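Chemist: The following file, work_6.txt, comprises compact mmCIF, C-alpha atoms:
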# COMPACT_ATOMS: atom_id res chain seq x y z
CA MET S 1 -4.48 16.25 -20.98
CA PHE S 2 -2.78 13.41 -19.08
CA ASN S 3 -1.11 14.55 -15.86
CA LEU S 4 0.63 11.81 -13.88
CA ALA S 5 1.37 14.15 -10.97
CA ASN S 6 -2.36 14.62 -10.39
CA TYR S 7 -2.83 10.85 -10.18
CA LEU S 8 0.14 10.47 -7.81
CA PHE S 9 -1.42 13.04 -5.48
CA GLU S 10 -4.98 11.75 -5.88
CA THR S 11 -4.08 8.17 -4.94
CA ASN S 12 -1.62 9.19 -2.19
CA ALA S 13 1.15 7.46 -4.12
CA ILE S 14 3.24 10.44 -3.03
CA ARG S 15 2.58 11.85 0.43
CA PHE S 16 4.27 14.90 1.91
CA CYS S 17 4.96 15.20 5.62
CA GLU S 18 3.27 17.73 7.84
CA GLU S 19 5.34 20.77 8.72
CA ASN S 20 8.33 19.81 10.93
CA LYS S 21 7.20 16.15 10.99
CA PRO S 22 9.36 14.16 8.54
CA PHE S 23 8.48 10.54 7.88
CA TRP S 24 10.49 7.76 9.47
CA TYR S 25 11.79 5.35 6.83
CA THR S 26 12.45 1.66 7.53
CA SER S 27 16.20 2.30 7.24
CA GLY S 28 16.14 4.56 10.31
CA LYS S 29 16.55 7.68 8.22
CA ILE S 30 13.95 10.42 7.84
CA GLY S 31 12.58 12.39 4.92
CA PRO S 32 9.82 14.81 3.92
CA TYR S 33 7.96 12.58 1.48
CA PHE S 34 6.90 8.97 1.12
CA ILE S 35 6.29 7.13 -2.14
CA ASN S 36 4.06 4.14 -2.81
CA THR S 37 4.08 4.18 -6.60
CA HIS S 38 1.95 1.05 -6.83
CA PHE S 39 -1.02 2.99 -5.40
CA ILE S 40 -1.65 4.31 -8.93
CA TYR S 41 -2.94 0.83 -9.61
CA GLY S 42 -6.12 2.70 -8.72
CA SER S 43 -6.07 3.18 -4.97
CA GLU S 44 -4.20 2.11 -1.84
CA LYS S 45 -6.87 -0.53 -1.18
CA ASP S 46 -6.58 -2.05 -4.66
CA ALA S 47 -2.77 -2.04 -4.48
CA VAL S 48 -2.64 -3.69 -1.06
CA GLU S 49 -5.08 -6.36 -2.23
CA LEU S 50 -2.93 -7.17 -5.26
CA LEU S 51 0.23 -7.39 -3.13
CA SER S 52 -1.55 -9.81 -0.78
CA PHE S 53 -2.72 -11.85 -3.78
CA ILE S 54 0.87 -12.00 -5.10
CA ASP S 55 2.19 -13.10 -1.69
CA GLU S 56 -0.29 -15.98 -1.63
CA ALA S 57 0.52 -16.99 -5.21
CA LEU S 58 4.33 -16.92 -4.75
CA SER S 59 4.38 -20.55 -3.64
CA ASP S 60 4.05 -21.62 -7.29
CA LYS S 61 6.39 -19.65 -9.55
CA MET S 62 5.06 -21.28 -12.70
CA THR S 63 1.40 -20.36 -12.25
CA LEU S 64 1.96 -16.95 -10.65
CA PRO S 65 2.59 -14.91 -13.82
CA LYS S 66 -0.76 -15.81 -15.37
CA LYS S 67 -2.62 -15.25 -12.10
CA VAL S 68 -1.10 -11.78 -11.70
CA PHE S 69 -1.69 -10.95 -15.36
CA GLU S 70 -5.38 -11.79 -15.10
CA LYS S 71 -5.68 -9.44 -12.12
CA VAL S 72 -3.90 -6.51 -13.76
CA LEU S 73 -5.75 -6.98 -17.05
CA GLU S 74 -9.07 -6.83 -15.23
CA GLN S 75 -7.94 -3.67 -13.42
CA TYR S 76 -6.73 -2.15 -16.69
CA ASN S 77 -10.15 -2.72 -18.21
CA THR S 78 -12.10 -1.30 -15.27
CA ASN S 79 -10.02 1.39 -13.53
CA LYS S 80 -9.52 4.73 -15.31
CA ILE S 81 -6.48 5.88 -13.33
CA TYR S 82 -4.56 2.66 -13.89
CA LYS S 83 -5.55 2.46 -17.56
CA ASP S 84 -4.48 6.06 -18.17
CA VAL S 85 -1.09 5.49 -16.51
CA ILE S 86 -0.44 2.25 -18.38
CA ASN S 87 -1.45 3.75 -21.73
CA HIS S 88 0.83 6.71 -21.06
CA MET S 89 3.71 4.37 -20.16
CA LYS S 90 3.17 2.37 -23.36
CA SER S 91 3.19 5.53 -25.48
CA TYR S 92 6.24 6.87 -23.65
CA ILE S 93 8.15 3.66 -24.31
CA GLU S 94 7.19 3.70 -27.99
CA GLU S 95 8.31 7.33 -28.30
CA ASN S 96 11.72 6.73 -26.70
CA ILE S 97 12.66 3.19 -27.72
CA ASP S 98 12.57 1.37 -31.04
CA VAL S 99 10.20 -1.30 -29.78
CA SER S 100 11.07 -3.59 -32.69
CA GLU S 101 14.48 -4.04 -31.01
CA VAL S 102 12.93 -5.24 -27.73
CA ASP S 103 12.85 -9.04 -27.48
CA TYR S 104 11.50 -9.35 -23.92
CA ILE S 105 9.92 -7.30 -21.14
CA SER S 106 11.06 -8.13 -17.60
CA GLY S 107 9.73 -7.28 -14.16
CA GLY S 108 10.96 -8.15 -10.68
CA GLU S 109 9.22 -9.41 -7.57
CA ARG S 110 6.80 -7.87 -6.58
CA ARG S 111 5.73 -4.31 -7.37
CA ASP S 112 7.26 -4.31 -10.85
CA TRP S 113 4.55 -6.78 -11.86
CA PHE S 114 1.89 -4.11 -11.38
CA PHE S 115 3.30 -2.60 -14.58
CA SER S 116 5.54 -5.03 -16.47
CA ASN S 117 2.95 -7.74 -17.15
CA ILE S 118 0.37 -5.46 -18.71
CA ILE S 119 3.02 -3.57 -20.72
CA ALA S 120 4.30 -6.89 -22.12
CA TYR S 121 0.75 -7.73 -23.16
CA LEU S 122 0.11 -4.36 -24.82
CA LEU S 123 3.45 -4.39 -26.64
CA LYS S 124 3.01 -8.07 -27.53
CA LYS S 125 6.38 -9.06 -26.07
CA PRO S 126 7.12 -12.18 -23.99
CA HIS S 127 7.63 -11.50 -20.29
CA ILE S 128 10.41 -12.54 -17.93
CA SER S 129 9.29 -12.76 -14.29
CA ILE S 130 12.30 -12.31 -12.00
CA TYR S 131 12.11 -13.57 -8.42
CA LYS S 132 14.14 -12.25 -5.51
CA ASP S 133 16.28 -15.41 -5.50
CA LEU S 134 17.26 -14.51 -9.13
CA SER S 135 15.30 -17.42 -10.61
CA THR S 136 13.23 -16.60 -13.70
CA VAL S 137 10.30 -17.89 -15.71
CA VAL S 138 9.30 -16.76 -19.18
CA SER S 139 5.71 -16.28 -20.36
CA ASP S 140 4.31 -15.50 -23.78
CA TYR S 141 2.77 -12.03 -24.10
CA ASN S 142 -0.75 -13.15 -23.16
CA PHE S 143 0.54 -15.40 -20.35
CA GLU S 144 -1.06 -18.56 -21.71
CA LYS S 145 2.24 -20.45 -21.49
CA THR S 146 4.96 -20.12 -18.85
CA GLU S 147 8.20 -22.08 -18.79
CA VAL S 148 11.69 -22.14 -17.34
CA VAL S 149 14.22 -21.07 -19.96
CA SER S 150 17.92 -21.56 -19.35
CA SER S 151 19.25 -19.38 -22.16
CA LEU S 152 18.11 -16.25 -23.98
CA LYS S 153 21.48 -15.62 -25.59
CA ASP S 154 22.00 -12.04 -26.77
CA LYS S 155 18.30 -11.15 -26.47
CA LYS S 156 17.52 -7.53 -25.63
CA VAL S 157 15.39 -6.84 -22.57
CA LEU S 158 13.36 -3.84 -21.40
CA HIS S 159 12.83 -3.88 -17.63
CA VAL S 160 9.62 -2.20 -16.44
CA ALA S 161 9.33 -1.19 -12.79
CA ASP S 162 7.43 1.01 -10.37
CA LEU S 163 10.29 3.02 -8.90
CA ILE S 164 14.01 3.65 -8.97
CA THR S 165 15.96 5.16 -6.07
CA VAL S 166 19.62 4.14 -6.04
CA ALA S 167 19.10 1.10 -8.33
CA SER S 168 20.03 -1.40 -5.59
CA SER S 169 17.44 -3.97 -6.74
CA TYR S 170 18.69 -3.67 -10.32
CA LEU S 171 22.33 -4.15 -9.35
CA ARG S 172 21.66 -6.88 -6.79
CA ALA S 173 19.06 -8.93 -8.65
CA TRP S 174 17.39 -7.79 -11.86
CA ILE S 175 20.47 -7.18 -14.04
CA PRO S 176 22.32 -10.32 -12.79
CA ALA S 177 19.21 -12.47 -13.40
CA ILE S 178 19.01 -11.26 -16.99
CA LYS S 179 22.76 -11.82 -17.45
CA ASN S 180 22.35 -15.36 -16.09
CA LEU S 181 20.12 -16.02 -19.11
CA GLY S 182 22.78 -14.72 -21.48
CA ALA S 183 20.54 -11.76 -22.33
CA ASN S 184 21.17 -8.03 -21.99
CA MET S 185 19.07 -5.49 -20.14
CA CYS S 186 19.24 -2.60 -22.59
CA TRP S 187 16.48 -0.36 -21.26
CA SER S 188 14.57 0.40 -18.08
CA CYS S 189 11.31 2.28 -17.76
CA VAL S 190 9.91 3.22 -14.35
CA VAL S 191 6.90 5.20 -13.26
CA VAL S 192 8.83 7.29 -10.72
CA ASP S 193 12.52 8.21 -10.48
CA ARG S 194 13.40 9.49 -7.00
CA MET S 195 16.44 11.24 -8.53
CA GLN S 196 18.89 9.74 -6.04
CA GLY S 197 21.47 8.45 -8.50
CA GLY S 198 19.79 5.31 -9.78
CA LYS S 199 19.65 6.49 -13.38
CA ASP S 200 23.40 7.16 -13.48
CA LYS S 201 24.13 3.72 -12.02
CA LEU S 202 21.94 2.04 -14.64
CA GLU S 203 23.53 3.94 -17.49
CA ALA S 204 26.96 2.93 -16.16
CA GLU S 205 25.74 -0.65 -16.68
CA GLY S 206 24.74 0.15 -20.26
CA VAL S 207 21.02 0.44 -19.48
CA LYS S 208 19.09 3.36 -20.99
CA ALA S 209 16.92 4.66 -18.14
CA LEU S 210 13.49 6.21 -18.70
CA SER S 211 10.97 7.53 -16.16
CA LEU S 212 7.47 8.96 -16.45
CA VAL S 213 7.95 11.44 -13.62
CA ASN S 214 10.90 12.67 -11.54
CA VAL S 215 10.66 13.52 -7.85
CA ASP S 216 12.33 16.91 -8.00
CA SER S 217 11.76 20.62 -7.44
CA ASN S 218 9.35 20.77 -10.38
CA LEU S 219 7.08 18.16 -8.78
CA PHE S 220 7.26 19.96 -5.44
CA LYS S 221 6.36 23.25 -7.14
CA THR S 222 3.34 21.55 -8.74
CA ALA S 223 2.20 20.35 -5.31
CA PHE S 224 2.65 23.87 -3.93
CA ASP S 225 0.72 25.45 -6.81
CA MET S 226 -2.11 22.97 -6.23
CA GLY S 227 -2.28 23.92 -2.54
CA ILE S 228 -1.20 20.45 -1.39
CA ILE S 229 1.79 21.81 0.55
CA ASN S 230 2.63 25.20 2.06
CA ASP S 231 5.74 27.34 1.68
CA ASN S 232 7.57 25.87 4.69
CA GLN S 233 6.96 22.35 3.43
CA LEU S 234 8.19 23.37 -0.01
CA GLN S 235 11.41 24.75 1.48
CA LEU S 236 12.06 21.51 3.37
CA LEU S 237 11.39 19.43 0.24
CA ASN S 238 13.72 21.53 -1.89
CA SER S 239 16.40 21.37 0.79
CA PHE S 240 16.06 17.58 0.96
CA PHE S 241 16.26 17.27 -2.82
CA ALA S 242 19.42 19.38 -2.87
CA TYR S 243 21.25 17.85 0.10
CA PHE S 244 19.37 14.69 1.22
CA ASP S 245 21.17 13.53 4.41
CA GLY S 246 22.64 16.98 5.02
CA SER S 247 19.22 18.60 5.12
CA MET S 248 17.85 15.98 7.52
CA LYS S 249 20.89 16.33 9.79
CA ASP S 250 20.27 20.09 9.90
CA PHE S 251 16.62 19.41 10.75
CA LEU S 252 17.51 17.07 13.63
CA VAL S 253 20.02 19.56 15.03
CA SER S 254 17.48 22.40 14.95
CA HIS S 255 14.61 20.21 16.23
CA PRO S 256 16.19 17.98 18.93
CA GLU S 257 12.75 17.21 20.35
CA PHE S 258 11.84 15.32 17.16
CA LEU S 259 14.27 12.46 17.86
CA GLU S 260 13.57 12.53 21.61
CA ASN S 261 9.82 12.20 20.98
CA ALA S 262 10.36 9.38 18.51
CA LEU S 263 12.40 7.39 21.03
CA ASN S 264 9.44 7.63 23.41
CA SER S 265 6.78 6.92 20.78
CA ASP S 266 5.05 3.75 19.53
CA GLU S 267 7.14 0.61 18.97
CA LYS S 268 7.42 1.03 15.18
CA THR S 269 8.68 4.61 15.41
CA LYS S 270 10.92 3.81 18.39
CA LYS S 271 12.57 0.96 16.47
CA ARG S 272 13.37 3.22 13.52
CA ALA S 273 14.66 5.99 15.78
CA LYS S 274 16.95 3.51 17.54
CA LEU S 275 18.37 2.51 14.13
CA LEU S 276 19.24 6.16 13.57
CA VAL S 277 20.86 6.50 16.98
CA ASP S 278 22.67 3.13 17.09
CA GLY S 279 24.01 3.57 13.56
CA ASN S 280 24.64 7.29 14.03
CA LEU S 281 23.21 7.63 10.52
CA TYR S 282 23.58 11.40 10.35
CA GLY S 283 26.87 11.82 12.23
CA LEU S 284 25.18 13.58 15.12
CA ASP S 285 26.94 14.34 18.38
CA LEU S 286 24.64 12.11 20.46
What would you get if you wrote out this structure as structure tokens?
Modeler:
Amino acid sequence: MFNLANYLFETNAIRFCEENKPFWYTSGKIGPYFINTHFIYGSEKDAVELLSFIDEALSDKMTLPKKVFEKVLEQYNTNKIYKDVINHMKSYIEENIDVSEVDYISGGERRDWFFSNIIAYLLKKPHISIYKDLSTVVSDYNFEKTEVVSSLKDKKVLHVADLITVASSYLRAWIPAIKNLGANMCWSCVVVDRMQGGKDKLEAEGVKALSLVNVDSNLFKTAFDMGIINDNQLQLLNSFFAYFDGSMKDFLVSHPEFLENALNSDEKTKKRAKLLVDGNLYGLDL
């Protein structure tokens, strides 16, 4: 039986912090887990290699979609984890959406392309590649032809992505880019929903939001039952899921040495800790 959680743990796509050692995020905030959804491309090594390949290919927006598609198709045909996840995503979409209503699949720069290109191919739908500057190119489903299209008036689009948190990328770039074409983003399907309000924001925009797995207490319980985390870690995770910033503020208050040590740590950690302090991100009495 397919179990996406097992693959997320196996590939380290979701990592849980050691007891009393939350991760430092690039924002300067802290949290008890870290997600790299694109690792279920097969492994961290494979995912990093594809990201590097995409970075090199970004100089030519017209040829990039086919180059990326060839890479993901090869991985789909050779890597069991990736193939299982993609097949599950395809089935999930078909079970929850009338695919005959979908005119286009879209995916945004860069990690969305790990999933959107191959899904477009399997569903036989043309693909819209969205770049961070909101420019777009459209490819046929097998990526043999790519062109700039100025109007897709009233076409219905399914956006496929790796992850949704608060939907900032959708609101800032992906939805506006689709609107610029005169089309409508009607659906979104992601591998992981971090359950931090993104789904509600999408649905407020008229986008039906689907996810293969939710980062919530059920996922944490699965990790606990599998022996991946202990009881103290589980309590911190559940507290974070319930209160987010409030739980991390409580942690910092009860573990003042954590911030002090970070400010005297390596440059990367020190930089993130200074963001927390300078922005007073948790309303601490510093």
Chemist: Give one line per residue of range 17-76 of chain S that approaches range 173-192 of chain S to at most 10 Å, naming the two atoms of the closest pair and their distance in Å to one decimal, counting all atoms listed in the file; sort by chain then ascending residue number and deliver it as CSV.
Modeler:
residue,atom,partner,partner_atom,distance
S:Ile35,CA,S:Val192,CA,8.9
S:Asn36,CA,S:Val192,CA,9.8
S:Thr37,CA,S:Val192,CA,7.0
S:His38,CA,S:Val191,CA,9.1
S:Ile40,CA,S:Val191,CA,9.6
Chemist: Give me the residues near range 222-225 of chain S as a list in words, where near means some atom within 9 Å (using all atoms listed in the file) and where sequence neighbours in that chain fewer than 4 positions away do not count.
Modeler: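 Residues meeting the cut-off are Ala5, Asn6, Phe9, Ser217, Asn218, Ile229, Asn230, Asp231, Gln233 and Leu234 of chain S.
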Chemist: Quick one: residues within 10 Å of range 258-260 of chain S, all atoms listed in the file counted, chain neighbours fewer than 5 positions away excluded, as a count of residues only?
Modeler: 13
Chemist: Between CA of Pro256 in chain S and CA of Asp285 in chain S, what is the distance in Å, rounded to a tenth?
Modeler: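 Pair CA of Pro256 in chain S / CA of Asp285 in chain S returns 11.4 Å.
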Chemist: Would you tabulate, counting all atoms listed in the file, all residues of range 72-154 of chain S that have an atom at most 12 Å from an atom of range 56-59 of chain S, showing the closest pair of atoms and their distance in Å to one decimal, sorted by chain then ascending number, as JSON lines?
Modeler:
{"residue": "S:Glu109", "atom": "CA", "partner": "S:Leu58", "partner_atom": "CA", "distance": 9.4}
{"residue": "S:Arg110", "atom": "CA", "partner": "S:Leu58", "partner_atom": "CA", "distance": 9.6}
{"residue": "S:Ser129", "atom": "CA", "partner": "S:Leu58", "partner_atom": "CA", "distance": 11.5}
{"residue": "S:Ile130", "atom": "CA", "partner": "S:Leu58", "partner_atom": "CA", "distance": 11.7}
{"residue": "S:Tyr131", "atom": "CA", "partner": "S:Leu58", "partner_atom": "CA", "distance": 9.2}
{"residue": "S:Lys132", "atom": "CA", "partner": "S:Leu58", "partner_atom": "CA", "distance": 10.9}
